[in-house]
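Data from upload_27.cif: mmCIF, C-alpha atoms
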```
data_data
#
loop_
_atom_site.group_PDB
_atom_site.id
_atom_site.type_symbol
_atom_site.label_atom_id
_atom_site.label_comp_id
_atom_site.auth_asym_id
_atom_site.auth_seq_id
_atom_site.Cartn_x
_atom_site.Cartn_y
_atom_site.Cartn_z
ATOM 1 C CA MET A 1 -26.776 27.969 -26.016
ATOM 2 C CA LYS A 2 -25.742 24.522 -24.882
ATOM 3 C CA ARG A 3 -22.756 22.938 -26.634
ATOM 4 C CA ASN A 4 -22.456 19.248 -27.178
ATOM 5 C CA GLY A 5 -19.456 16.994 -26.592
ATOM 6 C CA LEU A 6 -18.385 17.135 -30.251
ATOM 7 C CA TYR A 7 -17.766 20.889 -29.918
ATOM 8 C CA HIS A 8 -15.385 20.307 -26.993
ATOM 9 C CA VAL A 9 -13.550 17.531 -28.861
ATOM 10 C CA ARG A 10 -13.005 19.876 -31.832
ATOM 11 C CA GLN A 11 -11.733 22.646 -29.555
ATOM 12 C CA THR A 12 -9.344 20.249 -27.833
ATOM 13 C CA LEU A 13 -8.015 18.922 -31.158
ATOM 14 C CA LEU A 14 -7.510 22.466 -32.471
ATOM 15 C CA LEU A 15 -5.521 23.431 -29.368
ATOM 16 C CA LEU A 16 -3.449 20.258 -29.613
ATOM 17 C CA VAL A 17 -2.590 20.964 -33.263
ATOM 18 C CA MET A 18 -1.643 24.575 -32.405
ATOM 19 C CA PHE A 19 0.714 23.426 -29.647
ATOM 20 C CA LEU A 20 2.327 20.754 -31.814
ATOM 21 C CA VAL A 21 2.706 22.762 -35.039
ATOM 22 C CA GLY A 22 3.193 26.250 -33.600
ATOM 23 C CA PRO A 23 6.877 25.958 -32.623
ATOM 24 C CA PHE A 24 7.814 24.735 -36.105
ATOM 25 C CA VAL A 25 6.011 27.613 -37.799
ATOM 26 C CA VAL A 26 7.677 30.190 -35.550
ATOM 27 C CA ALA A 27 11.121 28.617 -36.048
ATOM 28 C CA GLN A 28 11.122 29.287 -39.794
ATOM 29 C CA GLU A 29 13.389 32.285 -40.389
ATOM 30 C CA GLY A 30 13.302 32.508 -44.185
ATOM 31 C CA HIS A 31 16.528 32.552 -46.181
ATOM 32 C CA PRO A 32 19.420 31.186 -44.078
ATOM 33 C CA LEU A 33 21.673 34.230 -44.659
ATOM 34 C CA ASP A 34 18.993 36.921 -44.340
ATOM 35 C CA GLY A 35 19.533 38.973 -41.201
ATOM 36 C CA THR A 36 22.205 40.556 -39.029
ATOM 37 C CA TRP A 37 25.363 38.651 -38.102
ATOM 38 C CA SER A 38 28.093 39.737 -35.690
ATOM 39 C CA GLY A 39 31.452 38.312 -34.790
ATOM 40 C CA ASP A 40 35.187 38.595 -35.300
ATOM 41 C CA ARG A 41 37.724 38.408 -38.062
ATOM 42 C CA ILE A 42 41.318 37.663 -37.015
ATOM 43 C CA VAL A 43 43.750 40.102 -38.683
ATOM 44 C CA ASN A 44 47.457 39.790 -37.775
ATOM 45 C CA GLY A 45 46.543 38.078 -34.502
ATOM 46 C CA GLU A 46 44.057 40.836 -33.564
ATOM 47 C CA LYS A 47 40.301 40.328 -33.305
ATOM 48 C CA VAL A 48 38.483 42.834 -35.501
ATOM 49 C CA ARG A 49 34.801 43.185 -34.635
ATOM 50 C CA VAL A 50 32.544 42.694 -37.685
ATOM 51 C CA LEU A 51 28.838 43.295 -38.250
ATOM 52 C CA VAL A 52 27.350 41.830 -41.449
ATOM 53 C CA ILE A 53 23.857 42.748 -42.614
ATOM 54 C CA MET A 54 22.390 40.649 -45.428
ATOM 55 C CA ARG A 55 19.007 40.948 -47.115
ATOM 56 C CA LEU A 56 17.393 38.636 -49.659
ATOM 57 C CA LEU A 57 16.012 40.567 -52.637
ATOM 58 C CA PRO A 58 12.948 39.559 -54.698
ATOM 59 C CA ASP A 59 15.215 38.323 -57.530
ATOM 60 C CA GLN A 60 16.841 35.902 -55.002
ATOM 61 C CA SER A 61 20.130 37.819 -54.929
ATOM 62 C CA ILE A 62 21.577 38.965 -51.608
ATOM 63 C CA GLU A 63 22.677 42.505 -50.843
ATOM 64 C CA GLY A 64 24.252 43.864 -47.737
ATOM 65 C CA THR A 65 26.880 45.714 -45.803
ATOM 66 C CA VAL A 66 29.843 44.886 -43.593
ATOM 67 C CA ILE A 67 30.642 47.302 -40.790
ATOM 68 C CA GLU A 68 34.081 47.046 -39.238
ATOM 69 C CA ARG A 69 36.244 49.615 -37.479
ATOM 70 C CA GLY A 70 33.454 52.148 -37.980
ATOM 71 C CA VAL A 71 33.464 51.832 -41.783
ATOM 72 C CA ARG A 72 30.499 50.624 -43.871
ATOM 73 C CA LEU A 73 31.588 48.418 -46.773
ATOM 74 C CA PRO A 74 29.252 47.074 -49.478
ATOM 75 C CA LEU A 75 28.953 43.335 -49.994
ATOM 76 C CA GLN A 76 29.773 42.028 -53.437
ATOM 77 C CA ASP A 77 29.060 38.598 -54.904
ATOM 78 C CA VAL A 78 27.298 36.814 -52.018
ATOM 79 C CA THR A 79 26.734 33.110 -52.744
ATOM 80 C CA LEU A 80 25.236 30.211 -50.848
ATOM 81 C CA ASP A 81 25.524 26.569 -51.893
ATOM 82 C CA PRO A 82 22.573 24.678 -50.357
ATOM 83 C CA ALA A 83 24.166 21.327 -51.230
ATOM 84 C CA ASP A 84 26.642 21.703 -48.348
ATOM 85 C CA TRP A 85 25.533 25.084 -46.852
ATOM 86 C CA SER A 86 28.825 26.754 -47.709
ATOM 87 C CA MET A 87 28.809 30.468 -48.417
ATOM 88 C CA SER A 88 31.126 33.150 -49.681
ATOM 89 C CA LEU A 89 31.031 36.904 -49.881
ATOM 90 C CA THR A 90 33.339 39.596 -51.121
ATOM 91 C CA VAL A 91 33.865 42.958 -49.428
ATOM 92 C CA ASP A 92 35.060 45.968 -51.420
ATOM 93 C CA GLY A 93 35.421 49.541 -50.286
ATOM 94 C CA SER A 94 37.630 52.229 -48.830
ATOM 95 C CA GLY A 95 38.663 52.787 -45.243
ATOM 96 C CA ARG A 96 38.600 56.118 -43.413
ATOM 97 C CA ASP A 97 42.091 57.047 -44.533
ATOM 98 C CA GLY A 98 41.426 56.018 -48.137
ATOM 99 C CA GLU A 99 43.069 52.593 -48.017
ATOM 100 C CA VAL A 100 41.444 50.015 -50.268
ATOM 101 C CA ILE A 101 39.694 47.237 -48.375
ATOM 102 C CA HIS A 102 39.092 44.063 -50.340
ATOM 103 C CA TYR A 103 38.719 40.545 -48.983
ATOM 104 C CA ARG A 104 36.707 37.377 -49.474
ATOM 105 C CA MET A 105 35.077 35.342 -46.710
ATOM 106 C CA GLN A 106 34.375 31.650 -47.287
ATOM 107 C CA GLY A 107 32.572 29.731 -44.599
ATOM 108 C CA GLN A 108 30.132 27.085 -43.532
ATOM 109 C CA LEU A 109 26.712 27.628 -41.970
ATOM 110 C CA GLU A 110 26.423 25.747 -38.692
ATOM 111 C CA ASN A 111 23.355 24.925 -36.587
ATOM 112 C CA LEU A 112 21.167 25.690 -39.590
ATOM 113 C CA GLY A 113 18.093 24.176 -37.933
ATOM 114 C CA SER A 114 18.371 26.572 -35.009
ATOM 115 C CA ALA A 115 16.632 29.933 -35.210
ATOM 116 C CA ARG A 116 18.772 31.351 -32.385
ATOM 117 C CA ASN A 117 22.195 29.685 -32.556
ATOM 118 C CA ARG A 118 22.954 29.815 -36.280
ATOM 119 C CA SER A 119 26.569 30.680 -37.137
ATOM 120 C CA ILE A 120 29.023 30.998 -40.010
ATOM 121 C CA VAL A 121 32.615 29.874 -39.467
ATOM 122 C CA GLY A 122 35.421 29.977 -41.993
ATOM 123 C CA ARG A 123 38.415 31.800 -43.484
ATOM 124 C CA TRP A 124 38.875 35.191 -45.037
ATOM 125 C CA GLU A 125 41.642 36.156 -47.454
ATOM 126 C CA ASN A 126 42.885 38.985 -49.611
ATOM 127 C CA ASP A 127 45.936 39.340 -51.843
ATOM 128 C CA ASN A 128 48.504 39.307 -49.027
ATOM 129 C CA ALA A 129 46.804 38.076 -45.846
ATOM 130 C CA SER A 130 44.310 35.565 -44.505
ATOM 131 C CA GLY A 131 42.768 34.468 -41.239
ATOM 132 C CA ASP A 132 39.773 32.929 -39.515
ATOM 133 C CA PHE A 133 36.362 34.468 -38.901
ATOM 134 C CA SER A 134 33.214 33.512 -37.048
ATOM 135 C CA LEU A 135 29.813 35.161 -37.123
ATOM 136 C CA ALA A 136 26.681 34.479 -35.094
ATOM 137 C CA MET A 137 23.158 35.409 -36.116
ATOM 138 C CA ASN A 138 21.730 38.151 -33.937
#
```

For this file, write the structure as structure tokens.
Amino acid sequence: MKRNGLYHVRQTLLLLVMFLVGPFVVAQEGHPLDGTWSGDRIVNGEKVRVLVIMRLLPDQSIEGTVIERGVRLPLQDVTLDPADWSMSLTVDGSGRDGEVIHYRMQGQLENLGSARNRSIVGRWENDNASGDFSLAMN
């Protein structure tokens, strides 16, 4: 079957559209907090490694877990303000030796347009201590 010139023009236009639109479609990651984040929290001058896993639920709430020093802690009260892309989350749980772990992280999403270099930077605090934290999306 012989194809005419119009067929080739359509094929070329389709390929052009795929190359122009494709990167934008792939770059969409869904909810800005949904995913796995890793980084550090500074506690008494010491870097404490932190892994935060957040998942957007069908009712638009966010659930998740913080893992630090080998302990899994449930996330409480995760919020995101899209007006300025600030976020906060509360961690509540018990450590290995039974100590109560409770703190709040308040930060700012940075590089929101990037699918690979998104980060959250801010401060954490509890009743008697505070410090900086930074997390990067994995």

Quiz item: With only C-alpha atoms as the basis for distance, which of A:Gly70, A:Arg41, A:Gln76, A:Leu33 is at the shortest distance from Met54 in chain A?
Solution: A:Leu33

Practice problem: Would you list the contacts of Leu75 in chain A as an MDAnalysis selection string, taking every protein, DNA or RNA residue within 12 Å and counting all atoms listed in the file, but skipping same-chain residues closer than 3 positions in sequence? | Solution: chainID A and resid 51:55 61:67 72 78:79 88:93 101:105

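Going from CA of Met137 in chain A to CA of Arg96 in chain A covers 26.8 Å.
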
Can you list every residue of range 29-96 of chain A that has an atom at most 10 Å from range 111-132 of chain A, with its nearest atom pair and the distance in Å to one decimal, using all atoms listed in the file, ordered by chain then number, as a tab-separated table?
```
residue	atom	partner	partner_atom	distance
A:Glu29	CA	A:Ala115	CA	6.5
A:Gly30	CA	A:Ala115	CA	9.9
A:Pro32	CA	A:Leu112	CA	7.3
A:Leu33	CA	A:Ile120	CA	9.3
A:Trp37	CA	A:Ser119	CA	8.1
A:Ser38	CA	A:Ser119	CA	9.3
A:Gly39	CA	A:Ile120	CA	9.3
A:Asp40	CA	A:Asp132	CA	8.4
A:Arg41	CA	A:Asp132	CA	6.0
A:Ile42	CA	A:Gly131	CA	5.5
A:Val43	CA	A:Gly131	CA	6.3
A:Asn44	CA	A:Gly131	CA	7.9
A:Gly45	CA	A:Gly131	CA	8.5
A:Lys47	CA	A:Asp132	CA	9.7
A:Trp85	CA	A:Leu112	CA	8.5
A:Ser86	CA	A:Ile120	CA	8.8
A:Met87	CA	A:Ile120	CA	8.4
A:Ser88	CA	A:Trp124	CA	9.3
A:Leu89	CA	A:Trp124	CA	9.4
A:Thr90	CA	A:Trp124	CA	9.3
A:Val91	CA	A:Asn126	CA	9.9
```

Quiz item: What is the distance between CA of Gly95 in chain A and CA of Arg49 in chain A, in Å to one decimal?
Solution: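 Distance between the two atoms: 14.8 Å.
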
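CA of Glu99 in chain A is positioned 29.0 Å from CA of Asp34 in chain A.
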
Exercise. Measuring atom to atom with only C-alpha atoms, identify which of A:Val71, A:Leu56, A:Ser94, A:Val100 is nearest to Gly35 in chain A.
Key: A:Leu56

Quiz item: Out of A:Gln11, A:Thr36, A:Gln60, A:Ser134, which residue has the shortest atom-to-atom distance to Glu110 in chain A when counting all atoms listed in the file?
Solution: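 Once distances to Glu110 in chain A are computed over all atoms listed in the file, the minimum belongs to A:Ser134.
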
Box time for range 70-84 of chain A: axis-aligned, enclosing all its listed atoms, 4 Å extra on each side; report centre and edge lengths in Å to one decimal, as lines of an AutoDock Vina configuration file.
```
center_x = 28.0
center_y = 36.7
center_z = -46.4
size_x = 18.9
size_y = 38.8
size_z = 24.9
```

Quiz item: A:Phe133, A:Asn138, A:Pro74, A:Gly107: which is nearest Val48 in chain A, counting all atoms listed in the file?
Solution: A:Phe133
